[in-house]
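Engineer: Please find one structure pasted underneath; my questions will follow.
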Amino acid sequence: KVTLTIDNIKVEVPKDYTILEAAKTVGIDIPTLCYLKDVNEVGACRVCLVEIEGARALQASCVHPVAEGMVVRTNSKKVRDARKSNVELILSNHNRECLTCDRNNKCELQSLAEQLGIREIPFEGKKIEAAIDDKSYSIVRDPSKCILCGRCVSTCRNVQKIGILDFVNRGFDTQVAPAFDKSMADSPCIYCGQCIVACPVAALREKDDIERVWDAIDNKDVHVVVQTAPAVRAALGELFGLPIGTRVTGKMVASLKRLGFDKVYDTDFAADLTIMEEGHELLDRIQNGGKLPMITSCSPGWIRYCEFNYPEFIENLSTCKSPQQMMGAIIKSYYAKKNNIDPQNIFVVSIMPCTSKKTEVQRPEMHVDGIKDVDAVLTTRELGKMIKQARIKFLELEDEAYDQDLLGEYTGAGVIFGVTGGVMEAALRTVAEVLEGKSFDELEYEAVRGIEGIKEAVLTLGGKEIKIAVAHGTANAKKLLDMVKAGEKEYHFIEIMGCSGGCVCGGGQPHVDAKTLMDIDVRVERAKALYEEDEMLSIRKSHENPQIKKLYDEFLGKPNSHKAHELLHTYYTK
Ligand code: HC1
Ligand code: SF4
């Protein structure tokens with residue numbers, strides 16, 4: 001431990017602390033911009049400057065270590081003036097069209113300008129004129145908004161271990177872009193959107209599909225069905241000021257009904273269906289010598305990662321489409337038939353915590369008989385915007401229930417899909433009962449819960465050892481797959497999610513500012529919301545979902561039947 005003085009307050013902290021961290025322990029708030037805890041600690045933006053007694057220059061507190069007896073001032077005139085001119089410099093060549101900006105009121109640079117009392121920019125810098133890159137279905141990159149903080153670069157390179165984005169060109173022409181300034185659509189980007197979540201401004205954002213959805217709702221000839229992914233309920237409330245981890249299932253459903261969707265369903269129903277298909281696929285592979293380990297296929301970011309980086313594992317992927325796609329395929333077949341609606345006139349909208357889902361729906365194999373499974377994908381953030389555009393008072397809404405007919409019931413197993421380990425746990429709840437031929441009361445598989453990067457377990461089921469592993473975030477996926485490839489590890493079943501924490505921290509979820517991230521682990525808080533809903537539900541195993549049973553009885557036959565393959569399974573490309 002060392003003792004130092006910050007703004008006349010004695011502070012005792014471990015000796016590996018930075019000044020920024022030390023100040024925080026006594027409630028002293030030093031502003032930051034490029035800093036992102038454990039991800040981007042580079043001291044580049046010079047906003048977190050402090051004055052250290054005896055030092056000649058001001059120092060960046062996010063990287064400067066504490067020392068015994070150090071005396072620090074965080075708010076002297078010298079410090080305030082320096083911070084202000086550094087931010088003025090950033091603003092001088094920033095595209096300052098705040099009123100029409102995607103991040104208006106949610107921008108870390110804008111807040112900083114306000115906090116530092118910046119009222120005018122004393123010098124006008126040259127504006128960045130590079131074109132907006134909006135070629136992909138998922139992500140838009142706007143260089144005129146980029147402040148070169150490097151948060152996206154570090155996230156993609158170090159957290160995801162992908163490295164699509166980097167600084168290109170030199171001097172004033174420096175930009176953050178994929179190599180050779182290519183479009184993200186022409187790079188091996190997996191569209192996980194973790195760079196969007198890391199961006200403090202609006203240099204990176206999702207491709208906006210809101211108008212297409214409004215048009216569908218307004219078109220009286222179109223029957224518009226909406227489905228909500230498991231993880232959306234764990235974060236949507238944040239956009240309306242609720243604490244991180246507040247579960248808002250009922251208010252979300254109420255708002256969707258007010259927006260004018262004809263039917264409001266939960267993707268969790270299709271998550272249950274996925275468990276039926278994927279669980280039986282696993283049993284079949286184990287019993288009949290199929291390709292093992294089988295690896296989950298519901299996270300489209302992970303699928304792209306596998307296709308680009310580990311094509312040798314493509315045959316290991318489950319052939320199941322993701323729940324989002326299964327839901328669309330069932331709505332446009334079974335639901336259409338039962339309701340006597342021409343599937344051509346059905347428009348399926350998904351609300352997803354994910355930006356990669358926008359590209360998944362465009363994959364050429366994600367249709368049946370030329371009809372797309374899903375027509376539009378909105379992120380959690382986009383749904384929040386629609387609710388605001390419609391001037392719905394979200395916080396005052398009474399909880400409402402999903403539509404109950406045909407595809408309306410879901411189990412706790414479906415809900416936990418949205419958190420790392422959840423797909424595995426849901427699968428085990430079903431597979432264990434099939435292999436053991438009896439029902440279990442013990443449903444919680446603690447070994448696959450939590451935020452450890454790679455989780456493993458060995459279970460004995462039906463007299464057979466089943467080895468499983470779970471990885472979240474592509475950096476952990478890489479680590480796990482390299483071990484499997486080297487023959488160091490052997491498994492029957494692996495769950496991989498493209499984002500750290502699973503879908504609850506997908507690239508389409510609400511932004512959380514860097515300051516809040518110093519205090520809480522968003523992955524943990526949002527996961528709690530889903531485990532809470534799982535515990536509340538009376539049915540917690542996918543195979544006990546009565547409407548799933550009915551769907552098989554009336555329409556699909558058995559899991560992995562010919563019909564199920566036609567609608568619910570797919571293939572991948574190398
Ligand atoms: Fe997910 Fe999934 S859980 S991929 O993480 O399998 O996006 O939430 O919808 O499809 O169900 C995302 C979440 C989501 C699918 C399901
Ligand atoms: Fe990297 Fe993911 Fe952003 Fe693509 S979407 S640049 S893979 S962080």
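By convention here, the chains of the structure tokens are called A, B, ... in the order presented, each chain's residues are numbered starting at 1, and ligands are numbered starting at 1 in the order presented.
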Can you tell me which residues come within 9 Å of ligand 2 when counting only C-alpha atoms and all ligand atoms, ideally as number ranges by chain?

Structural biologist: A: 138-139, 152-157, 159-165, 177-178, 184, 187-198, 204, 301, 305, 355-356, 498-499, 507

Engineer: Just the selected residues (C-alpha atoms), exported as a PDB file, in the first residue's frame, please.

Structural biologist:
ATOM      1  CA  SER A 138     -24.879  -4.073 -39.565  1.00  0.00           C
ATOM      2  CA  ILE A 139     -22.461  -1.236 -38.893  1.00  0.00           C
ATOM      3  CA  CYS A 152     -12.845   0.673 -30.653  1.00  0.00           C
ATOM      4  CA  VAL A 153      -9.376  -0.274 -31.888  1.00  0.00           C
ATOM      5  CA  SER A 154      -8.388  -1.739 -28.509  1.00  0.00           C
ATOM      6  CA  THR A 155     -11.717  -3.497 -28.099  1.00  0.00           C
ATOM      7  CA  CYS A 156     -11.545  -5.214 -31.457  1.00  0.00           C
ATOM      8  CA  ARG A 157      -7.845  -6.022 -31.115  1.00  0.00           C
ATOM      9  CA  VAL A 159     -10.989  -7.938 -26.204  1.00  0.00           C
ATOM     10  CA  GLN A 160     -12.193  -9.728 -29.315  1.00  0.00           C
ATOM     11  CA  LYS A 161      -8.698 -10.562 -30.680  1.00  0.00           C
ATOM     12  CA  ILE A 162      -9.880  -9.799 -34.191  1.00  0.00           C
ATOM     13  CA  GLY A 163      -8.160  -6.545 -35.124  1.00  0.00           C
ATOM     14  CA  ILE A 164     -10.327  -5.189 -37.913  1.00  0.00           C
ATOM     15  CA  LEU A 165     -10.008  -1.538 -36.932  1.00  0.00           C
ATOM     16  CA  ALA A 177     -10.638   2.127 -40.359  1.00  0.00           C
ATOM     17  CA  PRO A 178     -10.104  -1.444 -41.522  1.00  0.00           C
ATOM     18  CA  MET A 184     -16.067  -3.022 -43.013  1.00  0.00           C
ATOM     19  CA  SER A 187     -13.203  -7.102 -44.202  1.00  0.00           C
ATOM     20  CA  PRO A 188     -13.490 -10.181 -41.990  1.00  0.00           C
ATOM     21  CA  CYS A 189     -15.451  -8.113 -39.451  1.00  0.00           C
ATOM     22  CA  ILE A 190     -17.944 -10.309 -37.592  1.00  0.00           C
ATOM     23  CA  TYR A 191     -20.311  -7.388 -36.882  1.00  0.00           C
ATOM     24  CA  CYS A 192     -20.329  -8.110 -33.165  1.00  0.00           C
ATOM     25  CA  GLY A 193     -20.683  -4.374 -32.598  1.00  0.00           C
ATOM     26  CA  GLN A 194     -18.376  -4.365 -29.588  1.00  0.00           C
ATOM     27  CA  CYS A 195     -16.620  -1.413 -31.246  1.00  0.00           C
ATOM     28  CA  ILE A 196     -19.929   0.475 -31.278  1.00  0.00           C
ATOM     29  CA  VAL A 197     -20.427  -0.191 -27.590  1.00  0.00           C
ATOM     30  CA  ALA A 198     -16.895   1.081 -26.902  1.00  0.00           C
ATOM     31  CA  LEU A 204     -19.671   3.844 -35.045  1.00  0.00           C
ATOM     32  CA  GLY A 301     -20.917 -13.112 -34.818  1.00  0.00           C
ATOM     33  CA  TYR A 305     -15.687 -15.725 -36.776  1.00  0.00           C
ATOM     34  CA  THR A 355     -25.799  -6.010 -34.578  1.00  0.00           C
ATOM     35  CA  SER A 356     -24.648  -9.196 -36.295  1.00  0.00           C
ATOM     36  CA  GLY A 498     -19.438 -13.910 -29.995  1.00  0.00           C
ATOM     37  CA  CYS A 499     -19.678 -11.319 -27.231  1.00  0.00           C
ATOM     38  CA  GLY A 507     -23.350  -4.806 -29.736  1.00  0.00           C
TER      39      GLY A 507
END

Engineer: Please return as a ChimeraX atom specification the residues found within 7 Å of ligand 1, counting only C-alpha atoms and all ligand atoms.

Structural biologist: /A:229-232,267-268,270-271,298-299,322-325,352-354,357,414,417-419,497,502-504,506

Engineer: Find the residues near range 207-211 of chain A: any atom within 9 Å, counting only C-alpha atoms, skip ones fewer than 6 places away on the same chain, and give them as a ChimeraX atom specification.

Structural biologist: /A:134,136-140,355,358,376-379,382-383,385-386

Engineer: Keeping N, CA and C atoms, export the residues of the selection given above as an mmCIF file, in the first residue's frame.

Structural biologist:
data_model
loop_
_atom_site.group_PDB
_atom_site.id
_atom_site.type_symbol
_atom_site.label_atom_id
_atom_site.label_comp_id
_atom_site.auth_asym_id
_atom_site.auth_seq_id
_atom_site.Cartn_x
_atom_site.Cartn_y
_atom_site.Cartn_z
ATOM 1 N N ASP A 134 -21.199 2.804 -45.049
ATOM 2 C CA ASP A 134 -22.441 2.156 -44.619
ATOM 3 C C ASP A 134 -22.784 0.975 -45.521
ATOM 4 N N SER A 136 -22.103 -2.271 -45.071
ATOM 5 C CA SER A 136 -22.549 -3.521 -44.438
ATOM 6 C C SER A 136 -24.003 -3.398 -43.990
ATOM 7 N N TYR A 137 -24.611 -4.516 -43.658
ATOM 8 C CA TYR A 137 -25.991 -4.485 -43.165
ATOM 9 C C TYR A 137 -26.037 -4.135 -41.682
ATOM 10 N N SER A 138 -24.873 -4.174 -41.027
ATOM 11 C CA SER A 138 -24.879 -4.073 -39.565
ATOM 12 C C SER A 138 -24.341 -2.764 -39.018
ATOM 13 N N ILE A 139 -23.203 -2.298 -39.568
ATOM 14 C CA ILE A 139 -22.461 -1.236 -38.893
ATOM 15 C C ILE A 139 -22.171 -0.067 -39.826
ATOM 16 N N VAL A 140 -22.329 1.144 -39.309
ATOM 17 C CA VAL A 140 -22.014 2.359 -40.062
ATOM 18 C C VAL A 140 -20.834 3.040 -39.379
ATOM 19 N N THR A 355 -25.887 -6.646 -33.266
ATOM 20 C CA THR A 355 -25.799 -6.010 -34.578
ATOM 21 C C THR A 355 -25.549 -7.046 -35.679
ATOM 22 N N LYS A 358 -28.435 -8.420 -37.901
ATOM 23 C CA LYS A 358 -28.896 -7.693 -39.093
ATOM 24 C C LYS A 358 -28.298 -8.315 -40.351
ATOM 25 N N ALA A 376 -36.783 -7.694 -40.806
ATOM 26 C CA ALA A 376 -36.012 -6.552 -40.290
ATOM 27 C C ALA A 376 -35.570 -6.846 -38.862
ATOM 28 N N VAL A 377 -34.394 -6.357 -38.546
ATOM 29 C CA VAL A 377 -33.859 -6.516 -37.192
ATOM 30 C C VAL A 377 -33.596 -5.137 -36.602
ATOM 31 N N LEU A 378 -34.121 -4.913 -35.422
ATOM 32 C CA LEU A 378 -33.814 -3.675 -34.702
ATOM 33 C C LEU A 378 -33.011 -4.029 -33.460
ATOM 34 N N THR A 379 -32.049 -3.189 -33.145
ATOM 35 C CA THR A 379 -31.329 -3.401 -31.892
ATOM 36 C C THR A 379 -32.176 -2.890 -30.725
ATOM 37 N N GLU A 382 -32.410 0.747 -31.004
ATOM 38 C CA GLU A 382 -33.393 1.236 -31.985
ATOM 39 C C GLU A 382 -34.816 1.119 -31.450
ATOM 40 N N LEU A 383 -35.109 0.033 -30.728
ATOM 41 C CA LEU A 383 -36.444 -0.068 -30.139
ATOM 42 C C LEU A 383 -36.670 1.101 -29.176
ATOM 43 N N LYS A 385 -35.465 4.018 -29.401
ATOM 44 C CA LYS A 385 -35.740 5.222 -30.189
ATOM 45 C C LYS A 385 -37.175 5.233 -30.701
ATOM 46 N N MET A 386 -37.666 4.072 -31.158
ATOM 47 C CA MET A 386 -39.052 4.020 -31.656
ATOM 48 C C MET A 386 -40.033 4.370 -30.548
#

Engineer: Restricting the calculation to only C-alpha atoms: of A:Thr228, A:Gln287, A:Ser350, A:Ser85, which residue gets closest to Val248 in chain A?

Structural biologist: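 Among the listed residues, the smallest separation from Val248 in chain A belongs to A:Thr228.
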
Engineer: Measuring between only C-alpha atoms, which one of A:Val201, A:Leu116, A:Ile351, A:Cys320 shows the shortest distance to Val213 in chain A?

Structural biologist: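 Comparing A:Val201, A:Leu116, A:Ile351, A:Cys320 against Val213 in chain A, the winner is A:Ile351.
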
Engineer: Give the helix (DSSP H, G or I) residues of range 498-529 of chain A, as DSSP finds them on the backbone, and put them as a PyMOL selection string.

Structural biologist: chain A and resi 503-505+514-519+522-529

Engineer: Please identify all polymer residues within 8 Å of Val522 in chain A, counting only C-alpha atoms, omitting same-chain residues fewer than 2 positions from it, and present them as a ChimeraX atom specification.

Structural biologist: /A:244-245,505,517,520,524-526

Engineer: Kindly export the residues of the current selection with C-alpha atoms, as a compact mmCIF listing (two decimals), in the first residue's frame.

Structural biologist:
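The resulting file, out08.txt, is reproduced below:
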# COMPACT_ATOMS: atom_id res chain seq x y z
CA ILE A 244 -28.49 -1.61 -15.15
CA GLY A 245 -29.96 -5.07 -14.70
CA CYS A 505 -23.71 -7.50 -23.70
CA LEU A 517 -17.90 0.69 -16.24
CA ILE A 520 -19.88 -2.37 -12.23
CA VAL A 524 -23.14 -9.74 -14.20
CA GLU A 525 -25.94 -7.24 -13.59
CA ARG A 526 -27.82 -7.97 -16.81

Engineer: Can you measure CA of Asp403 in chain A to CA of Glu444 in chain A for me? One decimal in Å is fine.

Structural biologist: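 Going from CA of Asp403 in chain A over to CA of Glu444 in chain A covers 28.2 Å.
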
Engineer: Could you produce a table of the residues of range 181-299 of chain A lying within 8 Å of range 392-395 of chain A, with the nearest pair of atoms per residue and their separation in Å rounded to one decimal, using only C-alpha atoms, ordered by chain and increasing residue number, as CSV?

Structural biologist:
residue,atom,partner,partner_atom,distance
A:Phe240,CA,A:Leu395,CA,7.1
A:Lys251,CA,A:Phe394,CA,6.8
A:Ser255,CA,A:Phe394,CA,6.9
A:Arg258,CA,A:Ile392,CA,7.9

Engineer: Between A:Asn476, A:Thr420, A:Thr249, A:Ser318, single out the one closest to Glu533 in chain A, counting only C-alpha atoms.

Structural biologist: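 Smallest separation from Glu533 in chain A among the options: A:Thr249.
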
Engineer: With distances taken over only C-alpha atoms, which of A:Arg83, A:Lys563, A:Lys489, A:Arg141 is nearest to Ala113 in chain A?

Structural biologist: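 Result for the nearest residue to Ala113 in chain A: A:Arg83.
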
Engineer: Quick one: residues within 9 Å of Thr296 in chain A, only C-alpha atoms, excluding same-chain residues fewer than 3 positions away - as a PyMOL selection string?

Structural biologist: chain A and resi 278+299+316-320+423-424+493-497

Engineer: Residues within 9 Å of Ile28 in chain A, please, as a short mmCIF file (atom, residue, chain, number, x, y, z; two decimals) with N, CA and C atoms, in the first residue's frame. Count only C-alpha atoms; anything in the same chain fewer than 6 positions from it doesn't count.

Structural biologist:
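This went into out.cif:
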data_model
loop_
_atom_site.label_atom_id
_atom_site.label_comp_id
_atom_site.auth_asym_id
_atom_site.auth_seq_id
_atom_site.Cartn_x
_atom_site.Cartn_y
_atom_site.Cartn_z
N ILE A 6 -4.53 13.59 -2.40
CA ILE A 6 -5.20 14.10 -3.61
C ILE A 6 -6.19 15.18 -3.16
N ASP A 7 -6.04 16.36 -3.68
CA ASP A 7 -6.90 17.49 -3.30
C ASP A 7 -7.04 17.60 -1.78
N LEU A 20 -5.91 7.96 -11.26
CA LEU A 20 -7.35 7.97 -11.56
C LEU A 20 -8.10 7.02 -10.62
N ALA A 22 -7.03 5.79 -7.74
CA ALA A 22 -6.88 6.22 -6.35
C ALA A 22 -7.87 7.34 -6.02
N THR A 74 -6.30 17.82 -8.62
CA THR A 74 -7.09 17.41 -9.80
C THR A 74 -7.94 18.54 -10.36
#

Engineer: Which distance in Å separates CA of Lys528 in chain A and CA of Ala254 in chain A, to one decimal?

Structural biologist: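 It comes out at 22.2 Å.
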
Engineer: What are the closest atom pairs, with distances in Å to one decimal, for all residues of range 136-237 of chain A lying within 10 Å of range 328-346 of chain A? Consider only C-alpha atoms, order rows by chain and residue number, and present the result as JSON lines.

Structural biologist:
{"residue": "A:Ala216", "atom": "CA", "partner": "A:Ile346", "partner_atom": "CA", "distance": 9.5}
{"residue": "A:Asp221", "atom": "CA", "partner": "A:Asn345", "partner_atom": "CA", "distance": 7.0}
{"residue": "A:Val222", "atom": "CA", "partner": "A:Asn345", "partner_atom": "CA", "distance": 5.1}
{"residue": "A:His223", "atom": "CA", "partner": "A:Ile346", "partner_atom": "CA", "distance": 4.8}
{"residue": "A:Val224", "atom": "CA", "partner": "A:Ile346", "partner_atom": "CA", "distance": 5.9}
{"residue": "A:Val225", "atom": "CA", "partner": "A:Ile346", "partner_atom": "CA", "distance": 7.3}
{"residue": "A:Val226", "atom": "CA", "partner": "A:Gly328", "partner_atom": "CA", "distance": 9.5}
{"residue": "A:Gln227", "atom": "CA", "partner": "A:Gly328", "partner_atom": "CA", "distance": 8.6}

Engineer: Restrict the selected residues to N, CA and C atoms and save them as a PDB file, in the first residue's frame.

Structural biologist:
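Generated output (part.pdb):
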ATOM      1  N   ALA A 216     -43.750  -0.812 -42.477  1.00  0.00           N
ATOM      2  CA  ALA A 216     -44.476  -2.085 -42.419  1.00  0.00           C
ATOM      3  C   ALA A 216     -45.683  -1.963 -41.484  1.00  0.00           C
ATOM      4  N   ASP A 221     -51.899  -3.757 -45.460  1.00  0.00           N
ATOM      5  CA  ASP A 221     -51.926  -5.064 -46.126  1.00  0.00           C
ATOM      6  C   ASP A 221     -50.898  -6.032 -45.563  1.00  0.00           C
ATOM      7  N   VAL A 222     -50.092  -5.542 -44.642  1.00  0.00           N
ATOM      8  CA  VAL A 222     -49.021  -6.398 -44.110  1.00  0.00           C
ATOM      9  C   VAL A 222     -49.308  -6.757 -42.658  1.00  0.00           C
ATOM     10  N   HIS A 223     -49.135  -8.037 -42.356  1.00  0.00           N
ATOM     11  CA  HIS A 223     -49.321  -8.513 -40.984  1.00  0.00           C
ATOM     12  C   HIS A 223     -47.937  -8.515 -40.326  1.00  0.00           C
ATOM     13  N   VAL A 224     -47.765  -7.664 -39.327  1.00  0.00           N
ATOM     14  CA  VAL A 224     -46.422  -7.478 -38.765  1.00  0.00           C
ATOM     15  C   VAL A 224     -46.289  -8.183 -37.412  1.00  0.00           C
ATOM     16  N   VAL A 225     -45.393  -9.154 -37.383  1.00  0.00           N
ATOM     17  CA  VAL A 225     -45.171  -9.916 -36.155  1.00  0.00           C
ATOM     18  C   VAL A 225     -43.808  -9.537 -35.594  1.00  0.00           C
ATOM     19  N   VAL A 226     -43.755  -9.230 -34.321  1.00  0.00           N
ATOM     20  CA  VAL A 226     -42.472  -8.890 -33.715  1.00  0.00           C
ATOM     21  C   VAL A 226     -42.062  -9.975 -32.725  1.00  0.00           C
ATOM     22  N   GLN A 227     -40.755 -10.248 -32.667  1.00  0.00           N
ATOM     23  CA  GLN A 227     -40.217 -11.186 -31.676  1.00  0.00           C
ATOM     24  C   GLN A 227     -39.120 -10.467 -30.894  1.00  0.00           C
TER      25      GLN A 227
END
